[in-house]
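The data block below is my_file_27.pdb; it holds PDB, C-alpha atoms.
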ATOM      1  CA  MET A 800      94.378 100.883  91.190
ATOM      2  CA  SER A 801      95.428 102.769  88.060
ATOM      3  CA  ALA A 802      93.916 105.907  89.606
ATOM      4  CA  PHE A 803      96.253 105.383  92.532
ATOM      5  CA  PHE A 804      99.286 105.195  90.254
ATOM      6  CA  ALA A 805      98.097 108.180  88.223
ATOM      7  CA  MET A 806      98.123 110.374  91.354
ATOM      8  CA  GLY A 807      95.586 112.734  89.845
ATOM      9  CA  GLY A 808      97.940 113.569  86.994
ATOM     10  CA  TYR A 809     100.885 114.281  89.270
ATOM     11  CA  ALA A 810     102.457 110.818  88.986
ATOM     12  CA  MET A 811     105.585 112.197  87.308
ATOM     13  CA  TYR A 812     106.279 114.322  90.395
ATOM     14  CA  VAL A 813     105.026 112.161  93.259
ATOM     15  CA  TRP A 814     106.580 108.803  92.345
ATOM     16  CA  PRO A 815     110.091 110.065  91.549
ATOM     17  CA  ALA A 816     110.040 111.843  94.934
ATOM     18  CA  TYR A 817     109.198 108.608  96.721
ATOM     19  CA  ALA A 818     111.666 106.606  94.645
ATOM     20  CA  LEU A 819     114.451 109.045  95.501
ATOM     21  CA  PHE A 820     113.569 108.850  99.195
ATOM     22  CA  PHE A 821     114.030 105.081  99.184
ATOM     23  CA  ILE A 822     117.092 104.986  96.934
ATOM     24  CA  VAL A 823     119.005 107.551  98.993
ATOM     25  CA  LEU A 824     118.149 105.937 102.322
ATOM     26  CA  ILE A 825     118.970 102.430 101.118
ATOM     27  CA  ALA A 826     122.330 103.670  99.834
ATOM     28  CA  ASP A 827     122.930 105.398 103.159
ATOM     29  CA  TYR A 828     122.141 102.200 105.012
ATOM     30  CA  ILE A 829     124.239  99.845 102.876
ATOM     31  CA  ASN A 830     127.368 102.010 102.700
ATOM     32  CA  PRO A 831     128.665 101.427 106.274
ATOM     33  CA  TRP A 832     127.804  97.742 106.017
ATOM     34  CA  LEU A 833     130.040  97.363 102.945
ATOM     35  CA  ARG A 834     132.763  99.410 104.615
ATOM     36  CA  ARG A 835     132.595  97.195 107.691
ATOM     37  CA  ARG A 836     132.918  94.012 105.636
ATOM     38  CA  ARG A 837     135.929  95.372 103.780
ATOM     39  CA  ASN A 838     137.633  96.549 106.971
ATOM     40  CA  LEU A 839     137.194  93.209 108.690
ATOM     41  CA  ARG A 840     138.488  91.349 105.642
ATOM     42  CA  GLU A 841     141.588  93.541 105.595
ATOM     43  CA  LEU A 842     142.088  93.045 109.308
ATOM     44  CA  ARG A 843     141.855  89.280 108.925
ATOM     45  CA  GLY A 844     144.459  89.413 106.159
ATOM     46  CA  ARG A 845     146.754  91.443 108.370
ATOM     47  CA  LEU A 846     146.330  89.032 111.266
ATOM     48  CA  ALA A 847     147.021  86.037 109.011
ATOM     49  CA  ARG A 848     150.215  87.656 107.690
ATOM     50  CA  GLN A 849     151.290  88.420 111.233
ATOM     51  CA  ALA A 850     150.707  84.824 112.302
ATOM     52  CA  ALA A 851     152.669  83.511 109.320
ATOM     53  CA  ARG A 852     155.579  85.799 110.114
ATOM     54  CA  GLN A 853     155.534  84.662 113.709
ATOM     55  CA  GLN A 854     155.761  81.040 112.634
ATOM     56  CA  ARG A 855     158.764  81.648 110.391
ATOM     57  CA  ASN A 856     160.575  83.747 112.946
ATOM     58  CA  PRO A 857     159.300  83.170 116.502
ATOM     59  CA  SER A 858     161.520  85.861 118.062
ATOM     60  CA  ALA A 859     160.020  88.689 115.971
ATOM     61  CA  PRO A 860     157.289  90.855 117.550
TER      62      PRO A 860
ATOM     63  CA  MET B 711     135.881 112.945 132.431
ATOM     64  CA  ALA B 712     133.863 115.213 134.717
ATOM     65  CA  ASN B 713     132.709 113.390 137.821
ATOM     66  CA  TRP B 714     129.069 114.499 137.666
ATOM     67  CA  ILE B 715     128.526 112.279 134.663
ATOM     68  CA  PRO B 716     126.941 109.015 135.850
ATOM     69  CA  LEU B 717     129.083 105.915 135.747
ATOM     70  CA  TRP B 718     126.857 104.067 133.302
ATOM     71  CA  VAL B 719     127.375 106.784 130.706
ATOM     72  CA  HIS B 720     131.091 106.376 131.131
ATOM     73  CA  LYS B 721     130.805 102.610 130.759
ATOM     74  CA  LEU B 722     128.506 102.787 127.763
ATOM     75  CA  SER B 723     130.814 105.186 125.957
ATOM     76  CA  SER B 724     133.664 102.690 125.937
ATOM     77  CA  PRO B 725     133.942 101.405 122.346
ATOM     78  CA  PRO B 726     133.410  97.649 122.927
ATOM     79  CA  ASN B 727     130.413  98.288 125.180
ATOM     80  CA  PHE B 728     128.815 100.718 122.792
ATOM     81  CA  TYR B 729     129.518  98.376 119.896
ATOM     82  CA  ARG B 730     127.543  95.647 121.624
ATOM     83  CA  PHE B 731     124.773  98.017 122.772
ATOM     84  CA  ALA B 732     124.355  99.446 119.271
ATOM     85  CA  GLY B 733     124.267  95.933 117.842
ATOM     86  CA  VAL B 734     121.308  95.081 120.075
ATOM     87  CA  VAL B 735     119.386  98.318 119.491
ATOM     88  CA  ARG B 736     119.924  98.679 115.748
ATOM     89  CA  PRO B 737     117.695  95.850 114.429
ATOM     90  CA  TRP B 738     114.811  97.010 116.637
ATOM     91  CA  ALA B 739     115.176 100.584 115.475
ATOM     92  CA  LEU B 740     115.194  99.421 111.854
ATOM     93  CA  VAL B 741     112.098  97.254 112.325
ATOM     94  CA  LEU B 742     110.247 100.136 113.994
ATOM     95  CA  ALA B 743     111.316 102.477 111.199
ATOM     96  CA  LEU B 744     110.082 100.063 108.515
ATOM     97  CA  VAL B 745     106.770  99.292 110.233
ATOM     98  CA  LEU B 746     105.992 102.925 111.049
ATOM     99  CA  GLY B 747     107.149 103.968 107.579
ATOM    100  CA  ALA B 748     104.840 101.430 105.929
ATOM    101  CA  ILE B 749     101.886 102.584 108.057
ATOM    102  CA  ALA B 750     102.653 106.221 107.251
ATOM    103  CA  LEU B 751     102.909 105.498 103.521
ATOM    104  CA  TYR B 752      99.588 103.675 103.548
ATOM    105  CA  GLY B 753      97.967 106.518 105.472
ATOM    106  CA  GLY B 754      99.526 109.189 103.305
ATOM    107  CA  LEU B 755      99.230 107.667  99.844
ATOM    108  CA  VAL B 756      95.989 105.702 100.197
ATOM    109  CA  LEU B 757      93.844 106.834 103.129
ATOM    110  CA  ALA B 758      94.430 110.593 103.160
ATOM    111  CA  PRO B 759      92.143 112.511 100.804
ATOM    112  CA  ALA B 760      93.473 114.648  97.972
ATOM    113  CA  ASP B 761      94.109 118.296  98.820
ATOM    114  CA  TYR B 762      91.394 120.687  97.662
ATOM    115  CA  GLN B 763      93.955 123.023  96.072
ATOM    116  CA  GLN B 764      96.914 120.846  95.191
ATOM    117  CA  GLY B 765      95.183 117.584  94.314
ATOM    118  CA  ASP B 766      97.451 114.589  94.770
ATOM    119  CA  ALA B 767     100.688 116.525  94.313
ATOM    120  CA  TYR B 768     100.629 117.477  97.977
ATOM    121  CA  ARG B 769     101.356 113.819  98.884
ATOM    122  CA  ILE B 770     105.044 114.638  98.529
ATOM    123  CA  ILE B 771     104.607 116.315 101.929
ATOM    124  CA  PHE B 772     104.723 112.926 103.668
ATOM    125  CA  ILE B 773     108.393 112.530 102.823
ATOM    126  CA  HIS B 774     109.433 116.131 102.179
ATOM    127  CA  VAL B 775     108.511 117.512 105.604
ATOM    128  CA  PRO B 776     109.795 114.606 107.748
ATOM    129  CA  CYS B 777     113.078 114.719 105.809
ATOM    130  CA  ALA B 778     113.296 118.480 106.299
ATOM    131  CA  TRP B 779     112.796 118.023 110.037
ATOM    132  CA  MET B 780     115.450 115.317 110.028
ATOM    133  CA  SER B 781     117.878 117.559 108.146
ATOM    134  CA  LEU B 782     117.718 119.971 111.098
ATOM    135  CA  PHE B 783     117.547 117.251 113.749
ATOM    136  CA  CYS B 784     120.676 115.489 112.442
ATOM    137  CA  TYR B 785     122.484 118.812 112.408
ATOM    138  CA  GLY B 786     121.508 119.417 116.016
ATOM    139  CA  MET B 787     122.729 115.966 117.016
ATOM    140  CA  MET B 788     125.955 116.490 115.096
ATOM    141  CA  ALA B 789     126.568 119.862 116.759
ATOM    142  CA  ILE B 790     125.816 118.550 120.268
ATOM    143  CA  ALA B 791     128.062 115.520 119.774
ATOM    144  CA  SER B 792     130.758 117.803 118.316
ATOM    145  CA  PHE B 793     130.584 120.033 121.378
ATOM    146  CA  ILE B 794     130.873 117.044 123.718
ATOM    147  CA  SER B 795     133.775 115.664 121.726
ATOM    148  CA  LEU B 796     135.664 118.960 121.868
ATOM    149  CA  VAL B 797     135.064 119.560 125.573
ATOM    150  CA  TRP B 798     135.460 116.057 127.002
ATOM    151  CA  ARG B 799     137.420 114.391 124.206
ATOM    152  CA  ILE B 800     135.152 111.366 124.166
ATOM    153  CA  LYS B 801     135.951 109.190 121.183
ATOM    154  CA  LEU B 802     132.366 107.978 120.884
ATOM    155  CA  ALA B 803     131.018 111.540 120.663
ATOM    156  CA  GLU B 804     133.471 112.218 117.845
ATOM    157  CA  VAL B 805     132.247 109.182 115.944
ATOM    158  CA  VAL B 806     128.583 110.069 116.524
ATOM    159  CA  ALA B 807     129.191 113.619 115.284
ATOM    160  CA  MET B 808     131.056 112.557 112.155
ATOM    161  CA  GLU B 809     128.610 109.777 111.278
ATOM    162  CA  SER B 810     125.563 112.005 111.766
ATOM    163  CA  ALA B 811     126.835 114.200 108.935
ATOM    164  CA  PRO B 812     126.269 111.787 106.015
ATOM    165  CA  ILE B 813     122.800 110.873 107.314
ATOM    166  CA  GLY B 814     121.901 114.545 107.650
ATOM    167  CA  ALA B 815     123.287 115.239 104.196
ATOM    168  CA  ALA B 816     121.143 112.422 102.788
ATOM    169  CA  PHE B 817     118.009 113.852 104.386
ATOM    170  CA  THR B 818     118.861 117.373 103.238
ATOM    171  CA  PHE B 819     119.404 116.142  99.695
ATOM    172  CA  ILE B 820     116.045 114.339  99.724
ATOM    173  CA  THR B 821     114.393 117.487 101.096
ATOM    174  CA  LEU B 822     115.814 119.644  98.314
ATOM    175  CA  VAL B 823     114.989 117.274  95.472
ATOM    176  CA  THR B 824     111.490 116.360  96.679
ATOM    177  CA  GLY B 825     110.850 120.059  97.287
ATOM    178  CA  SER B 826     111.913 120.733  93.735
ATOM    179  CA  LEU B 827     109.602 117.994  92.449
ATOM    180  CA  TRP B 828     106.801 119.564  94.433
ATOM    181  CA  GLY B 829     107.651 123.109  93.411
ATOM    182  CA  LYS B 830     107.526 122.445  89.667
ATOM    183  CA  PRO B 831     103.789 121.631  89.459
ATOM    184  CA  MET B 832     102.741 124.041  92.242
ATOM    185  CA  TRP B 833     104.937 127.091  91.764
ATOM    186  CA  GLY B 834     105.857 126.484  88.151
ATOM    187  CA  THR B 835     109.575 126.343  88.887
ATOM    188  CA  TRP B 836     112.081 123.724  90.020
ATOM    189  CA  TRP B 837     114.075 126.212  92.029
ATOM    190  CA  THR B 838     113.941 129.755  93.313
ATOM    191  CA  TRP B 839     116.420 131.656  95.454
ATOM    192  CA  ASP B 840     114.024 132.203  98.269
ATOM    193  CA  ALA B 841     115.036 132.240 101.929
ATOM    194  CA  ARG B 842     113.863 128.754 102.877
ATOM    195  CA  LEU B 843     115.319 127.043  99.829
ATOM    196  CA  THR B 844     118.589 128.915  99.954
ATOM    197  CA  SER B 845     119.169 128.305 103.659
ATOM    198  CA  GLU B 846     118.397 124.606 103.191
ATOM    199  CA  LEU B 847     120.945 124.504 100.366
ATOM    200  CA  VAL B 848     123.475 126.168 102.676
ATOM    201  CA  LEU B 849     122.687 123.405 105.181
ATOM    202  CA  LEU B 850     123.640 120.800 102.576
ATOM    203  CA  PHE B 851     126.910 122.637 101.913
ATOM    204  CA  LEU B 852     127.629 122.747 105.640
ATOM    205  CA  TYR B 853     127.144 118.995 105.869
ATOM    206  CA  LEU B 854     129.394 118.455 102.861
ATOM    207  CA  GLY B 855     131.950 120.827 104.396
ATOM    208  CA  VAL B 856     131.985 118.859 107.635
ATOM    209  CA  ILE B 857     132.347 115.557 105.776
ATOM    210  CA  GLY B 858     135.074 116.954 103.508
ATOM    211  CA  LEU B 859     137.034 118.525 106.339
ATOM    212  CA  TYR B 860     136.871 115.315 108.346
ATOM    213  CA  HIS B 861     138.312 113.288 105.487
ATOM    214  CA  SER B 862     140.958 115.814 104.474
ATOM    215  CA  PHE B 863     143.212 115.053 107.441
ATOM    216  CA  GLU B 864     145.600 112.130 107.535
ATOM    217  CA  ASP B 865     144.867 111.685 111.227
ATOM    218  CA  ARG B 866     141.214 110.913 111.765
ATOM    219  CA  ARG B 867     140.921 112.374 115.233
ATOM    220  CA  GLN B 868     142.508 115.617 114.101
ATOM    221  CA  GLY B 869     140.063 115.729 111.206
ATOM    222  CA  ALA B 870     137.168 115.082 113.553
ATOM    223  CA  ARG B 871     138.273 117.965 115.764
ATOM    224  CA  ALA B 872     138.476 120.440 112.880
ATOM    225  CA  ALA B 873     135.153 119.269 111.468
ATOM    226  CA  ALA B 874     133.530 119.519 114.912
ATOM    227  CA  PHE B 875     134.433 123.219 114.993
ATOM    228  CA  LEU B 876     132.799 123.769 111.636
ATOM    229  CA  ALA B 877     129.718 121.834 112.772
ATOM    230  CA  ILE B 878     129.351 124.026 115.864
ATOM    231  CA  ILE B 879     129.815 127.286 113.967
ATOM    232  CA  GLY B 880     127.340 126.156 111.323
ATOM    233  CA  ILE B 881     124.558 125.626 113.873
ATOM    234  CA  ILE B 882     123.705 129.288 113.333
ATOM    235  CA  ASN B 883     122.075 128.170 110.089
ATOM    236  CA  VAL B 884     119.571 125.872 111.833
ATOM    237  CA  PRO B 885     117.319 128.615 113.284
ATOM    238  CA  ILE B 886     117.715 130.507 110.011
ATOM    239  CA  VAL B 887     116.258 127.560 108.091
ATOM    240  CA  HIS B 888     113.496 127.117 110.635
ATOM    241  CA  PHE B 889     112.396 130.738 110.883
ATOM    242  CA  SER B 890     113.146 131.736 107.286
ATOM    243  CA  VAL B 891     109.462 131.459 106.357
ATOM    244  CA  ASN B 892     108.552 133.925 109.126
ATOM    245  CA  TRP B 893     111.461 136.342 108.799
ATOM    246  CA  TRP B 894     111.310 136.848 105.069
ATOM    247  CA  ASN B 895     108.630 136.924 102.467
ATOM    248  CA  THR B 896     109.066 133.597 100.801
ATOM    249  CA  LEU B 897     107.413 131.572  98.129
ATOM    250  CA  HIS B 898     107.679 128.583 100.432
ATOM    251  CA  GLN B 899     104.628 128.181 102.632
ATOM    252  CA  GLY B 900     104.781 128.743 106.375
ATOM    253  CA  SER B 901     104.768 126.042 109.034
ATOM    254  CA  THR B 902     101.733 123.819 108.909
ATOM    255  CA  ILE B 903     102.475 121.821 112.032
ATOM    256  CA  ARG B 904     102.690 123.857 115.176
ATOM    257  CA  ILE B 905     103.771 122.613 118.562
ATOM    258  CA  LEU B 906     101.949 125.454 120.294
ATOM    259  CA  GLY B 907      98.372 125.856 119.179
ATOM    260  CA  PRO B 908      96.366 123.878 116.636
ATOM    261  CA  SER B 909      98.026 122.698 113.440
ATOM    262  CA  LYS B 910      96.658 123.936 110.137
ATOM    263  CA  ILE B 911      96.067 120.500 108.670
ATOM    264  CA  SER B 912      93.319 117.892 108.840
ATOM    265  CA  THR B 913      93.807 114.834 111.040
ATOM    266  CA  ALA B 914      93.699 112.446 108.082
ATOM    267  CA  MET B 915      96.811 114.178 106.728
ATOM    268  CA  LEU B 916      98.430 114.898 110.068
ATOM    269  CA  TRP B 917      98.778 111.396 111.477
ATOM    270  CA  PRO B 918     100.658 109.920 108.475
ATOM    271  CA  LEU B 919     102.986 112.912 108.637
ATOM    272  CA  LEU B 920     103.723 112.441 112.332
ATOM    273  CA  THR B 921     104.081 108.675 111.898
ATOM    274  CA  MET B 922     106.617 109.237 109.136
ATOM    275  CA  MET B 923     108.432 111.653 111.412
ATOM    276  CA  ALA B 924     108.724 108.900 114.036
ATOM    277  CA  ALA B 925     109.840 106.433 111.347
ATOM    278  CA  THR B 926     112.635 108.730 110.178
ATOM    279  CA  LYS B 927     113.794 109.225 113.780
ATOM    280  CA  PHE B 928     114.087 105.457 114.211
ATOM    281  CA  TYR B 929     115.791 105.231 110.842
ATOM    282  CA  TYR B 930     118.353 107.747 112.072
ATOM    283  CA  ILE B 931     119.089 105.579 115.112
ATOM    284  CA  ALA B 932     119.416 102.456 112.966
ATOM    285  CA  SER B 933     121.657 104.103 110.389
ATOM    286  CA  LEU B 934     123.758 105.967 112.951
ATOM    287  CA  PHE B 935     124.379 102.869 115.050
ATOM    288  CA  GLY B 936     125.418 100.866 112.007
ATOM    289  CA  ARG B 937     127.836 103.620 111.033
ATOM    290  CA  VAL B 938     129.179 104.019 114.548
ATOM    291  CA  ARG B 939     129.794 100.279 114.830
ATOM    292  CA  THR B 940     131.721 100.311 111.581
ATOM    293  CA  ASP B 941     133.808 103.273 112.685
ATOM    294  CA  LEU B 942     134.559 101.872 116.107
ATOM    295  CA  LEU B 943     135.831  98.667 114.515
ATOM    296  CA  SER B 944     138.159 100.488 112.167
ATOM    297  CA  MET B 945     139.381 102.961 114.804
ATOM    298  CA  GLU B 946     140.155 100.192 117.263
ATOM    299  CA  SER B 947     141.425  97.640 114.755
ATOM    300  CA  GLY B 948     144.544  96.995 116.822
ATOM    301  CA  LYS B 949     142.555  96.029 119.910
ATOM    302  CA  ASP B 950     141.785  92.467 120.943
ATOM    303  CA  TRP B 951     138.010  92.827 120.951
ATOM    304  CA  VAL B 952     138.068  93.843 117.293
ATOM    305  CA  LYS B 953     140.413  90.998 116.369
ATOM    306  CA  GLN B 954     138.032  88.567 118.022
ATOM    307  CA  ILE B 955     135.115  89.919 116.010
ATOM    308  CA  ALA B 956     137.141  89.761 112.776
ATOM    309  CA  GLU B 957     138.075  86.141 113.423
ATOM    310  CA  ARG B 958     134.582  85.133 114.487
ATOM    311  CA  GLU B 959     133.050  86.604 111.328
ATOM    312  CA  GLY B 960     135.784  85.050 109.184
ATOM    313  CA  HIS B 961     134.712  81.567 110.221
ATOM    314  CA  ALA B 962     131.024  82.271 109.780
TER     315      ALA B 962
END
Written form, structure tokens:
Amino acid sequence: MSAFFAMGGYAMYVWPAYALFFIVLIADYINPWLRRRRNLRELRGRLARQAARQQRNPSAP
Amino acid sequence: MANWIPLWVHKLSSPPNFYRFAGVVRPWALVLALVLGAIALYGGLVLAPADYQQGDAYRIIFIHVPCAWMSLFCYGMMAIASFISLVWRIKLAEVVAMESAPIGAAFTFITLVTGSLWGKPMWGTWWTWDARLTSELVLLFLYLGVIGLYHSFEDRRQGARAAAFLAIIGIINVPIVHFSVNWWNTLHQGSTIRILGPSKISTAMLWPLLTMMAATKFYYIASLFGRVRTDLLSMESGKDWVKQIAEREGHA
């Protein structure tokens, strides 16, 4: 097992490469998901404000 | 839209339909990417023997080469979608083009850094201005240019149009990256995997490489569809179908 992690002496090159691969792709995957959550939250806020305005003043658009 | 395009394409390209379609496909693409990726990693890191010249350092190939292929593939997809968006003004094509750019940039970045990590022990240098490395760096700048141009306009569709032009012009760099190892004398090695004729690699090393290639393709689909869904929601935020989704997820 330790031989596997040692990578024949190249561990300091091989493992950072693999770590970077996963870190970059995970970041790429999470980014739009966070953006989507934020957008929907903002939209819900806007809709709630609109509904409140409508209740106060039913003739407004 | 031109009338030779089948009706189902037209239907699928409407934002609410594509949103739903992408939502169904995305989890499957992600699962396939993860399963194939895990198999490829096991094959590449555990089963494949060490290289007779490079020892275990060569194992970087199992991510470096698939990512390099993806850096060109994403650019191709971005350029094709850009062309479609400019000619037929399809909103979905615009979104696909603009959301392919960050994924391609991510793959290009991984390619450059893993290549550097591979180059240090094998060539004795992190970086050299050789044709393959330089053209791949130019590819990264093209991606960043497309992303930057897209975001520098107040109006998103105007930005997408300008960025689509840049994406199409920049496609000239894709064959340059691909053939750079044949056209110039480079430190970077030539192609190992050949579509025509036998590949110059043993089967034990080849199958993990090809499996990882498939995994990254599925990853692209999963990531792209997630991004496209997000963009469609924000572009169409005034529409009823988006409001319904916002309300449904608010209660959940």
Output of the PyMOL selection byres ((chain B and resi 827) around 9), listed as a PDB file with C-alpha atoms, in the frame of the given file:
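Generated output (result_21.pdb):
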ATOM      1  CA  MET A 811     105.585 112.197  87.308  1.00  0.00           C
ATOM      2  CA  TYR A 812     106.279 114.322  90.395  1.00  0.00           C
ATOM      3  CA  VAL A 813     105.026 112.161  93.259  1.00  0.00           C
ATOM      4  CA  PRO A 815     110.091 110.065  91.549  1.00  0.00           C
ATOM      5  CA  ALA A 816     110.040 111.843  94.934  1.00  0.00           C
TER       6      ALA A 816
ATOM      7  CA  ILE B 770     105.044 114.638  98.529  1.00  0.00           C
ATOM      8  CA  LEU B 822     115.814 119.644  98.314  1.00  0.00           C
ATOM      9  CA  VAL B 823     114.989 117.274  95.472  1.00  0.00           C
ATOM     10  CA  THR B 824     111.490 116.360  96.679  1.00  0.00           C
ATOM     11  CA  GLY B 825     110.850 120.059  97.287  1.00  0.00           C
ATOM     12  CA  SER B 826     111.913 120.733  93.735  1.00  0.00           C
ATOM     13  CA  TRP B 828     106.801 119.564  94.433  1.00  0.00           C
ATOM     14  CA  GLY B 829     107.651 123.109  93.411  1.00  0.00           C
ATOM     15  CA  LYS B 830     107.526 122.445  89.667  1.00  0.00           C
ATOM     16  CA  PRO B 831     103.789 121.631  89.459  1.00  0.00           C
ATOM     17  CA  TRP B 836     112.081 123.724  90.020  1.00  0.00           C
TER      18      TRP B 836
END
Show me a table, sorted first by chain and then by increasing residue number, of the residues of chain A having an atom at most 6 Å from chain B, each with its shortest atom pair and the distance in Å to one decimal, counting all atoms listed in the file and written as JSON lines.
{"residue": "A:Met806", "atom": "CA", "partner": "B:Asp766", "partner_atom": "CA", "distance": 5.5}
{"residue": "A:Gly807", "atom": "CA", "partner": "B:Asp766", "partner_atom": "CA", "distance": 5.6}
{"residue": "A:Tyr809", "atom": "CA", "partner": "B:Ala767", "partner_atom": "CA", "distance": 5.5}
{"residue": "A:Tyr812", "atom": "CA", "partner": "B:Leu827", "partner_atom": "CA", "distance": 5.4}
{"residue": "A:Val813", "atom": "CA", "partner": "B:Ile770", "partner_atom": "CA", "distance": 5.8}
{"residue": "A:Ala816", "atom": "CA", "partner": "B:Thr824", "partner_atom": "CA", "distance": 5.1}
{"residue": "A:Tyr828", "atom": "CA", "partner": "B:Ser933", "partner_atom": "CA", "distance": 5.7}
{"residue": "A:Pro831", "atom": "CA", "partner": "B:Arg937", "partner_atom": "CA", "distance": 5.3}
{"residue": "A:Arg835", "atom": "CA", "partner": "B:Thr940", "partner_atom": "CA", "distance": 5.1}
{"residue": "A:Leu839", "atom": "CA", "partner": "B:Ala956", "partner_atom": "CA", "distance": 5.3}
Problem set entry | Å distance separating atom CA of Trp814 of chain A from atom CA of Pro776 of chain B, one decimal place | 16.8 Å
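Put simply, atom CA of Phe728 of chain B is 15.1 Å away from atom CA of Ala791 of chain B.
Between atom CA of Met808 of chain B and atom CA of Pro725 of chain B the separation is 15.4 Å.
When the PyMOL selection byres ((chain B and resi 843) around 10) is evaluated on the file shown here, the picked residues come out as Thr821, Leu822, Gly825, Ser826, Trp837, Thr838, Trp839, Asp840, Ala841, Arg842, Thr844, Ser845, Glu846, Leu847, Val848, Leu849, Val887, Ser890, Val891, Thr896, Leu897 and His898 of chain B.
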For this session: Evaluate the PyMOL selection byres ((chain B and resi 911-916) around 9) and record the selected residues as a PyMOL selection string, following the chain and residue labels used in the document.
Result: chain B and resi 753-754+757-759+772+902-903+908-910+917-921
With 8 Å on each side, where is the centre of the axis-aligned box around all listed atoms of segment 815-834 of chain A, and how long are its edges in Å to one decimal, as AutoDock Vina command-line options?
--center_x 121.0 --center_y 104.6 --center_z 98.9 --size_x 39.6 --size_y 30.5 --size_z 30.7
